[in-house]
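Q: What follows is run.txt, made up of compact mmCIF, C-alpha atoms:
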```
# COMPACT_ATOMS: atom_id res chain seq x y z
CA MET A 179 66.43 102.99 134.18
CA GLN A 180 69.84 101.57 134.91
CA HIS A 181 71.37 98.89 132.75
CA ALA A 182 73.13 96.15 134.66
CA PRO A 183 76.71 95.95 133.43
CA THR A 184 76.67 92.39 132.23
CA VAL A 185 78.89 90.70 129.67
CA ASP A 186 77.54 89.45 126.37
CA ALA A 187 75.78 86.16 127.05
CA ALA A 188 75.75 83.59 124.24
CA HIS A 189 72.35 82.42 123.11
CA GLU A 190 71.65 78.81 123.89
CA THR A 191 72.90 76.81 120.93
CA ASN A 192 73.92 73.20 120.34
CA THR A 193 77.57 74.20 120.24
CA GLY A 194 77.44 76.64 123.14
CA ILE A 195 78.80 79.29 120.79
CA ASP A 196 76.79 82.25 119.56
CA ASN A 197 75.65 81.36 116.02
CA ARG A 198 76.84 84.69 114.63
CA LYS A 199 80.33 84.08 116.00
CA LEU A 200 80.39 80.54 114.63
CA LEU A 201 79.35 81.83 111.22
CA MET A 202 82.00 84.55 111.30
CA TRP A 203 84.72 81.98 112.03
CA LEU A 204 83.45 79.74 109.22
CA PHE A 205 83.55 82.74 106.90
CA LEU A 206 87.11 83.56 108.01
CA ALA A 207 88.19 79.94 107.45
CA SER A 208 86.83 80.18 103.89
CA GLU A 209 88.61 83.51 103.46
CA CYS A 210 91.91 81.74 104.24
CA LEU A 211 91.44 79.79 101.02
CA PHE A 212 90.33 82.90 99.12
CA PHE A 213 93.51 84.79 99.98
CA GLY A 214 95.65 81.62 99.96
CA GLY A 215 94.75 81.06 96.31
CA MET A 216 95.81 84.57 95.37
CA ILE A 217 99.02 84.55 97.45
CA GLY A 218 99.87 81.17 95.87
CA THR A 219 99.29 82.62 92.41
CA TYR A 220 101.54 85.59 93.18
CA LEU A 221 104.33 83.28 94.41
CA LEU A 222 103.89 81.03 91.39
CA TYR A 223 104.37 83.89 88.92
CA ARG A 224 106.82 85.83 91.12
CA ASN A 225 109.76 85.87 88.74
CA SER A 226 107.94 85.05 85.52
CA SER A 227 107.35 88.52 84.05
CA VAL A 228 109.10 88.79 80.70
CA GLU A 229 108.97 92.58 80.69
CA GLY A 230 109.04 95.33 83.33
CA PRO A 231 108.24 97.00 85.59
CA TYR A 232 109.57 94.59 88.22
CA PRO A 233 109.08 94.57 91.99
CA THR A 234 112.82 94.70 92.81
CA ASP A 235 116.05 95.97 91.23
CA ARG A 236 117.42 93.64 88.57
CA VAL A 237 119.64 93.54 85.50
CA ILE A 238 118.30 91.74 82.41
CA ASP A 239 120.46 91.44 79.29
CA GLY A 240 122.69 94.22 80.54
CA VAL A 241 119.74 96.57 81.12
CA ALA A 242 119.24 97.74 84.71
CA TYR A 243 115.65 98.00 85.96
CA SER A 244 114.92 99.70 89.26
CA GLY A 245 112.35 97.94 91.45
CA LEU A 246 108.99 99.42 92.36
CA PHE A 247 108.73 98.24 95.97
CA ASP A 248 109.38 100.86 98.63
CA ILE A 249 109.99 98.75 101.74
CA PRO A 250 110.21 101.62 104.30
CA PHE A 251 106.87 103.02 103.09
CA THR A 252 105.13 99.62 103.13
CA SER A 253 106.62 98.89 106.57
CA VAL A 254 104.91 102.01 107.91
CA SER A 255 101.62 100.89 106.28
CA ALA A 256 101.99 97.43 107.83
CA PHE A 257 102.69 99.02 111.22
CA VAL A 258 99.61 101.26 110.91
CA LEU A 259 97.37 98.26 110.20
CA LEU A 260 98.93 96.30 113.05
CA MET A 261 98.28 99.16 115.47
CA SER A 262 94.68 99.35 114.24
CA SER A 263 94.30 95.80 115.53
CA VAL A 264 95.43 97.00 118.96
CA THR A 265 92.92 99.88 118.97
CA MET A 266 90.19 97.47 117.80
CA VAL A 267 90.79 95.08 120.67
CA LEU A 268 90.88 98.04 123.08
CA ALA A 269 87.43 99.05 121.74
CA LEU A 270 86.14 95.57 122.62
CA ALA A 271 87.81 95.69 126.05
CA ALA A 272 86.14 99.09 126.63
CA ILE A 273 82.61 97.95 125.82
CA ARG A 274 83.05 94.76 127.86
CA ARG A 275 83.63 97.11 130.80
CA ASN A 276 80.54 99.04 129.62
CA ASP A 277 82.80 102.04 128.89
CA ARG A 278 80.84 103.55 126.00
CA ARG A 279 82.98 106.65 125.71
CA GLY A 280 86.09 104.47 125.42
CA LEU A 281 84.33 102.39 122.77
CA GLN A 282 83.67 105.48 120.64
CA ILE A 283 87.26 106.71 120.93
CA TRP A 284 88.88 103.36 120.04
CA LEU A 285 86.44 102.65 117.20
CA ALA A 286 87.16 106.07 115.67
CA ALA A 287 90.91 105.48 116.09
CA THR A 288 90.65 102.08 114.37
CA ALA A 289 88.64 103.51 111.46
CA LEU A 290 91.16 106.36 111.08
CA LEU A 291 94.12 103.96 111.06
CA GLY A 292 92.29 101.80 108.51
CA MET A 293 91.70 104.83 106.30
CA THR A 294 95.37 105.80 106.65
CA PHE A 295 96.36 102.33 105.45
CA LEU A 296 93.96 102.66 102.50
CA ALA A 297 95.35 106.09 101.63
CA GLY A 298 98.83 104.55 101.61
CA GLN A 299 97.65 101.81 99.31
CA VAL A 300 96.03 104.28 96.91
CA PHE A 301 99.31 106.27 96.88
CA GLU A 302 101.34 103.10 96.24
CA PHE A 303 99.02 101.87 93.46
CA THR A 304 99.09 105.29 91.77
CA GLU A 305 102.89 105.42 91.98
CA PHE A 306 103.14 101.96 90.42
CA TYR A 307 100.64 102.94 87.72
CA ASN A 308 102.69 106.01 86.90
CA GLU A 309 105.76 103.76 86.58
CA GLY A 310 103.88 101.73 83.95
CA LEU A 311 102.52 98.86 86.06
CA THR A 312 98.86 98.08 85.34
CA LEU A 313 96.56 95.09 85.78
CA ASN A 314 97.52 93.85 82.32
CA SER A 315 101.11 95.08 81.88
CA ASN A 316 102.78 91.82 83.04
CA LEU A 317 102.29 88.80 85.33
CA PHE A 318 103.64 90.76 88.31
CA GLY A 319 101.08 93.55 87.74
CA THR A 320 98.16 91.15 87.44
CA SER A 321 98.97 88.94 90.41
CA PHE A 322 100.09 91.84 92.63
CA PHE A 323 97.12 94.14 91.98
CA VAL A 324 94.54 91.36 92.24
CA LEU A 325 95.97 90.18 95.59
CA THR A 326 96.58 93.55 97.25
CA GLY A 327 93.49 95.08 95.61
CA PHE A 328 91.21 92.43 97.09
CA HIS A 329 92.88 92.93 100.46
CA GLY A 330 92.32 96.68 100.15
CA ALA A 331 88.67 96.07 99.27
CA HIS A 332 88.36 94.01 102.46
CA VAL A 333 89.89 96.88 104.46
CA SER A 334 87.39 99.29 102.82
CA VAL A 335 84.50 97.06 103.91
CA GLY A 336 86.04 96.89 107.40
CA VAL A 337 86.23 100.69 107.60
CA LEU A 338 82.54 100.92 106.62
CA ILE A 339 81.64 98.42 109.36
CA LEU A 340 83.71 100.36 111.91
CA LEU A 341 82.13 103.69 110.95
CA SER A 342 78.65 102.13 111.19
CA LEU A 343 79.51 100.81 114.66
CA TRP A 344 80.89 104.20 115.66
CA VAL A 345 77.62 105.90 114.63
CA MET A 346 75.67 103.25 116.58
CA ALA A 347 77.95 103.80 119.59
CA ARG A 348 77.48 107.59 119.35
CA ARG A 349 73.72 107.05 119.47
CA GLY A 350 74.04 104.85 122.54
CA ARG A 351 72.93 101.69 120.76
CA ILE A 352 75.91 99.57 121.82
CA THR A 353 76.14 98.44 125.42
CA SER A 354 77.99 95.66 127.22
CA GLU A 355 74.91 93.50 126.54
CA ASN A 356 75.33 93.58 122.76
CA ALA A 357 79.14 93.78 122.72
CA MET A 358 79.01 90.81 120.32
CA ASN A 359 78.51 93.35 117.50
CA VAL A 360 81.93 94.84 118.30
CA GLU A 361 83.50 91.38 118.75
CA LEU A 362 82.31 90.22 115.30
CA ALA A 363 83.62 93.38 113.62
CA GLY A 364 86.87 92.86 115.54
CA LEU A 365 87.25 89.29 114.30
CA TYR A 366 86.89 90.48 110.70
CA TRP A 367 89.32 93.36 111.25
CA HIS A 368 91.98 91.18 112.90
CA PHE A 369 91.68 88.69 110.06
CA VAL A 370 92.31 91.45 107.52
CA ASP A 371 95.35 92.36 109.62
CA ILE A 372 96.80 88.83 109.71
CA VAL A 373 96.32 88.51 105.96
CA TRP A 374 98.46 91.64 105.58
CA ILE A 375 101.07 90.15 107.94
CA VAL A 376 101.38 87.24 105.46
CA ILE A 377 101.30 89.48 102.36
CA PHE A 378 103.90 91.86 103.80
CA THR A 379 106.30 88.98 104.45
CA LEU A 380 105.72 86.80 101.39
CA VAL A 381 105.17 89.53 98.79
CA TYR A 382 107.24 92.50 99.94
CA LEU A 383 110.08 91.18 102.11
CA LEU A 384 110.74 87.82 100.49
CA GLN A 385 112.36 88.55 97.18
CA MET B 177 76.18 119.47 82.70
CA LEU B 178 75.83 116.14 80.87
CA GLU B 179 78.32 117.26 78.24
CA ALA B 180 80.83 118.18 80.94
CA LEU B 181 80.36 114.79 82.61
CA THR B 182 80.82 112.98 79.28
CA PHE B 183 83.99 114.97 78.65
CA VAL B 184 85.41 114.15 82.10
CA LEU B 185 84.60 110.45 81.68
CA ALA B 186 86.10 110.36 78.17
CA ALA B 187 89.28 112.02 79.43
CA ASN B 188 89.65 109.97 82.60
CA GLY B 189 87.63 106.85 81.91
CA LYS B 190 90.54 104.84 80.56
CA ALA B 191 92.80 105.84 83.43
CA PHE B 192 90.01 105.10 85.89
CA PHE B 193 89.68 101.52 84.78
CA GLU B 194 93.41 100.99 84.31
CA ASN B 195 94.64 102.36 87.62
CA PRO B 196 93.78 99.71 90.23
CA ALA B 197 93.86 102.36 92.98
CA TYR B 198 90.39 103.44 91.91
CA LEU B 199 89.11 99.90 92.31
CA LEU B 200 89.64 100.21 96.07
CA GLY B 201 86.70 102.61 96.14
CA ILE B 202 84.25 100.06 94.73
CA PRO B 203 83.02 98.88 98.18
CA LEU B 204 82.39 102.53 99.11
CA ILE B 205 80.42 103.10 95.89
CA ALA B 206 78.45 99.86 96.44
CA ALA B 207 77.65 100.81 100.06
CA GLY B 208 76.61 104.29 98.92
CA ALA B 209 74.32 102.79 96.26
CA ILE B 210 72.71 100.45 98.81
CA GLY B 211 72.23 103.45 101.13
CA VAL B 212 70.51 105.44 98.36
CA LEU B 213 68.26 102.47 97.47
CA LEU B 214 67.33 101.98 101.14
CA ALA B 215 66.62 105.70 101.53
CA MET B 216 64.37 105.69 98.43
CA SER B 217 62.61 102.41 99.23
CA PRO B 218 59.38 102.26 101.22
CA ILE B 219 61.07 100.04 103.83
CA GLU B 220 61.04 101.64 107.27
CA LEU B 221 64.11 100.85 109.30
CA LYS B 222 63.12 100.45 112.93
CA TRP B 223 66.11 101.30 115.07
CA PRO B 224 66.22 100.02 118.64
CA GLN B 225 65.28 102.44 121.40
CA ARG B 226 67.92 104.86 122.47
CA ALA B 227 70.04 103.56 125.35
CA PRO B 228 70.25 105.52 128.59
CA ALA B 229 72.30 108.71 128.58
CA GLU B 230 75.96 108.56 129.56
CA GLU B 231 75.53 109.39 133.21
CA GLU B 232 73.13 106.48 133.65
CA TYR B 233 75.58 103.63 133.05
CA GLU B 234 78.31 102.16 135.16
CA ILE B 235 81.78 101.13 134.07
CA VAL B 236 82.85 97.74 135.39
CA ASP B 237 86.53 97.43 136.25
CA HIS B 238 86.92 93.68 135.83
CA PRO B 239 84.14 91.98 133.87
CA ALA B 240 84.06 88.26 134.67
CA ASP B 241 84.32 87.03 131.08
CA GLY B 242 87.78 85.42 131.24
CA HIS B 243 89.22 87.76 128.59
CA PRO B 244 92.44 89.74 129.07
CA ASP B 245 92.32 93.39 130.13
CA ALA B 246 93.48 96.43 128.15
CA ALA B 247 96.99 96.36 129.68
CA GLU B 248 97.61 92.83 128.40
CA TYR B 249 96.38 93.78 124.92
CA ILE B 250 98.81 96.72 124.88
CA LYS B 251 101.67 94.39 125.88
CA VAL B 252 100.82 92.07 122.97
CA GLY B 253 100.61 95.12 120.66
CA LEU B 254 104.12 96.20 121.74
CA ILE B 255 105.50 92.72 121.05
CA LEU B 256 103.91 92.82 117.58
CA ALA B 257 105.46 96.24 116.89
CA VAL B 258 108.90 94.98 117.96
CA ILE B 259 108.62 91.89 115.71
CA THR B 260 107.65 94.09 112.73
CA ALA B 261 110.65 96.37 113.34
CA LEU B 262 112.87 93.26 113.58
CA GLU B 263 111.53 91.94 110.26
CA VAL B 264 112.33 95.19 108.45
CA ALA B 265 115.77 95.45 110.10
CA ILE B 266 116.67 91.88 109.11
CA TYR B 267 115.63 92.61 105.52
CA TYR B 268 118.49 95.15 105.29
CA VAL B 269 121.20 92.95 106.87
CA ASP B 270 123.22 91.41 104.02
CA ALA B 271 124.91 88.88 106.28
CA LEU B 272 121.54 87.25 107.02
CA GLU B 273 120.55 86.88 103.37
CA GLY B 274 120.93 83.09 103.42
CA ALA B 275 118.65 82.66 106.40
CA LEU B 276 116.22 85.44 105.43
CA LEU B 277 113.43 83.11 104.30
CA ALA B 278 113.47 81.03 107.50
CA ILE B 279 113.74 84.05 109.84
CA LEU B 280 110.97 86.01 108.10
CA LEU B 281 108.62 83.03 108.01
CA VAL B 282 109.14 82.36 111.74
CA LEU B 283 108.65 86.03 112.71
CA SER B 284 105.58 86.33 110.49
CA ALA B 285 104.11 83.13 111.98
CA MET B 286 104.71 84.53 115.47
CA LYS B 287 102.75 87.68 114.63
CA PHE B 288 99.97 85.62 113.06
CA VAL B 289 99.66 83.38 116.13
CA LEU B 290 99.78 86.29 118.60
CA VAL B 291 96.94 88.13 116.80
CA ALA B 292 94.83 84.96 116.43
CA LEU B 293 95.30 83.77 120.03
CA TRP B 294 95.03 87.08 121.89
CA PHE B 295 93.22 89.63 119.71
CA MET B 296 90.86 87.09 118.12
CA HIS B 297 90.53 85.32 121.51
CA LEU B 298 91.12 81.79 120.22
CA ARG B 299 93.12 81.15 123.40
CA PHE B 300 90.11 81.93 125.57
CA ASP B 301 87.18 80.80 123.40
CA ASN B 302 85.56 77.46 122.62
CA LYS B 303 88.10 75.09 121.03
CA LEU B 304 85.67 74.35 118.18
CA LEU B 305 86.51 77.78 116.74
CA THR B 306 90.23 76.94 116.78
CA VAL B 307 89.49 73.64 115.02
CA MET B 308 87.46 75.41 112.32
CA PHE B 309 90.07 78.08 111.65
CA SER B 310 92.89 75.52 111.76
CA ALA B 311 91.01 73.48 109.14
CA GLY B 312 91.11 76.52 106.84
CA MET B 313 94.84 76.96 107.52
CA VAL B 314 95.59 73.27 106.90
CA LEU B 315 93.70 73.38 103.61
CA VAL B 316 95.47 76.52 102.46
CA THR B 317 98.88 75.07 103.40
CA ALA B 318 98.03 71.94 101.38
CA LEU B 319 97.00 74.18 98.49
CA PHE B 320 100.34 76.04 98.66
CA VAL B 321 102.43 72.89 98.79
CA ILE B 322 100.54 71.14 95.98
CA VAL B 323 100.36 74.12 93.62
CA LEU B 324 103.90 75.41 94.16
CA SER B 325 105.56 71.99 94.04
CA THR B 326 103.50 70.72 91.10
CA LEU B 327 104.07 73.80 89.00
CA GLY B 328 107.73 74.06 89.89
CA ALA B 329 107.82 77.31 91.88
CA SER B 330 109.80 77.71 95.06
CA LEU B 331 110.10 80.36 97.74
CA VAL B 332 113.87 80.62 97.48
```
Show me this structure written as structure tokens.

A:
Amino acid sequence: MQHAPTVDAAHETNTGIDNRKLLMWLFLASECLFFGGMIGTYLLYRNSSVEGPYPTDRVIDGVAYSGLFDIPFTSVSAFVLLMSSVTMVLALAAIRRNDRRGLQIWLAATALLGMTFLAGQVFEFTEFYNEGLTLNSNLFGTSFFVLTGFHGAHVSVGVLILLSLWVMARRGRITSENAMNVELAGLYWHFVDIVWIVIFTLVYLLQ
Amino acid sequence: MLEALTFVLAANGKAFFENPAYLLGIPLIAAGAIGVLLAMSPIELKWPQRAPAEEEYEIVDHPADGHPDAAEYIKVGLILAVITALEVAIYYVDALEGALLAILLVLSAMKFVLVALWFMHLRFDNKLLTVMFSAGMVLVTALFVIVLSTLGASLV
């Protein structure tokens, strides 16, 4: 039996948009507020910690404190996540062409880049912890860990989705006809990426 | 065995709950727990039939779905990489310190828009999706302005 290489056709709906896609976009719109609240909180308490550790170098009452942020390291992490968005969209382009081998390769690459980003975050968190920054050490610790921790948890969920898709692709269960599965995972993954674009600028670079 | 586990937890338990790095693993633990419950439950998961083997499908060069091809995605990816490099470079230029906020916000917004329009296909999809996502962005911008101005915080 030969499958006709067709593109993913939307089900007939009132809006003309596949319901799953509509729901995913609604979810992402709500996630804007979820992360917006936490980024706002971080900015609000940015320079309010009365005791260290602090994110950047500063001198308080003649005492010099060295900052925790390592911009070159975080830049590499941000770049890794950005490139994972490219591999994700290449996975979608592959399955739209019915290229199932390409789909497997790009999905695996995306999951690996996501795991690399997570490993970097675990390293960074552990370094900060060793420097004395915990969830309850000061306002910076609380707002920073809650924001970046929730983002990391989203990346973890994304990696699980990607690995599940990769297993499905390996078993031949994803074709150009149900490419919507890859598109939905892609939407989630790109959203996680754009949230990091905002966090990287507002939290790390803007000091 | 139980004694050893209790000892390990007593020694590391505090650190485990204090170090937020460990919290990143919670989704993995939750997914693992769901997997175990599914495996132990009487529910039978009925997977769809296996698709045809590799040699039985055809690759289409240009699917008629109006979306960009891989080459265009790579071009957008390169632009994103260049913008990120520019952001980091500007961060280290002392002369630009006064304009840092404006430059970084513009560059970051450019990356955001590029990913949303091309990678998330808002440029090519039904405009209703753009309206919905924009509504979320408008609301979050309002939230920022109200909270930060009311409570006296500023970005500079």

Q: Tell me which of B:Ile255, B:Leu262, B:Ile235, B:Ala207 sits closest to chain A, counting only C-alpha atoms.

A: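 When distances to chain A are compared using only C-alpha atoms, the smallest one comes from B:Ile235.
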
Q: Show me, as a ChimeraX atom specification, every residue of chain A with an atom at most 7 Å from chain B, counting only C-alpha atoms.

A: /A:180-181,183,185,203-204,207-208,210-211,214,218,222,257,261,264,267-268,271,274-277,300,303-304,307,312-313,323,327,330-331,334-335,349-351,365,368,372,375-376,379,383-384

Q: So the first atom is CA of Phe369 in chain A and the second is CA of Trp344 in chain A; what is the distance between them in Å, to one decimal place?

A: 19.7 Å

Q: Take every atom of range 207-222 of chain B listed in the file, pad by 8 Å on each side, and give me the axis-aligned box centre and edge lengths in Å, one decimal, as JSON.

A:
```
{"center_x": 68.5, "center_y": 102.9, "center_z": 104.6, "size_x": 34.3, "size_y": 21.7, "size_z": 32.7}
```

Q: Just the number, please: distance in Å from CA of Ser321 in chain A to CA of Tyr382 in chain A, one decimal.

A: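 We find that CA of Ser321 in chain A and CA of Tyr382 in chain A lie 13.1 Å from each other.
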
Q: CA of Val345 in chain A to CA of Leu285 in chain A: how many Å, to one decimal?

A: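 If I compute the distance from CA of Val345 in chain A to CA of Leu285 in chain A, I get 9.7 Å.
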
Q: For Gly194 in chain A, which of B:Lys303, B:Ser217, B:Ala318, B:Asp270 is the closest residue, counting only C-alpha atoms?

A: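 Selected residue with least distance to Gly194 in chain A: B:Lys303.
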
Q: Can you list, as a list in words, every protein, DNA or RNA residue that comes within 7 Å of Gly245 in chain A when you count all atoms listed in the file, leaving out same-chain residues fewer than 2 positions away?

A: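 Skipping anything fewer than 2 positions along the chain leaves Tyr232, Pro233, Thr234, Asp235, Tyr243 and Phe247 of chain A.
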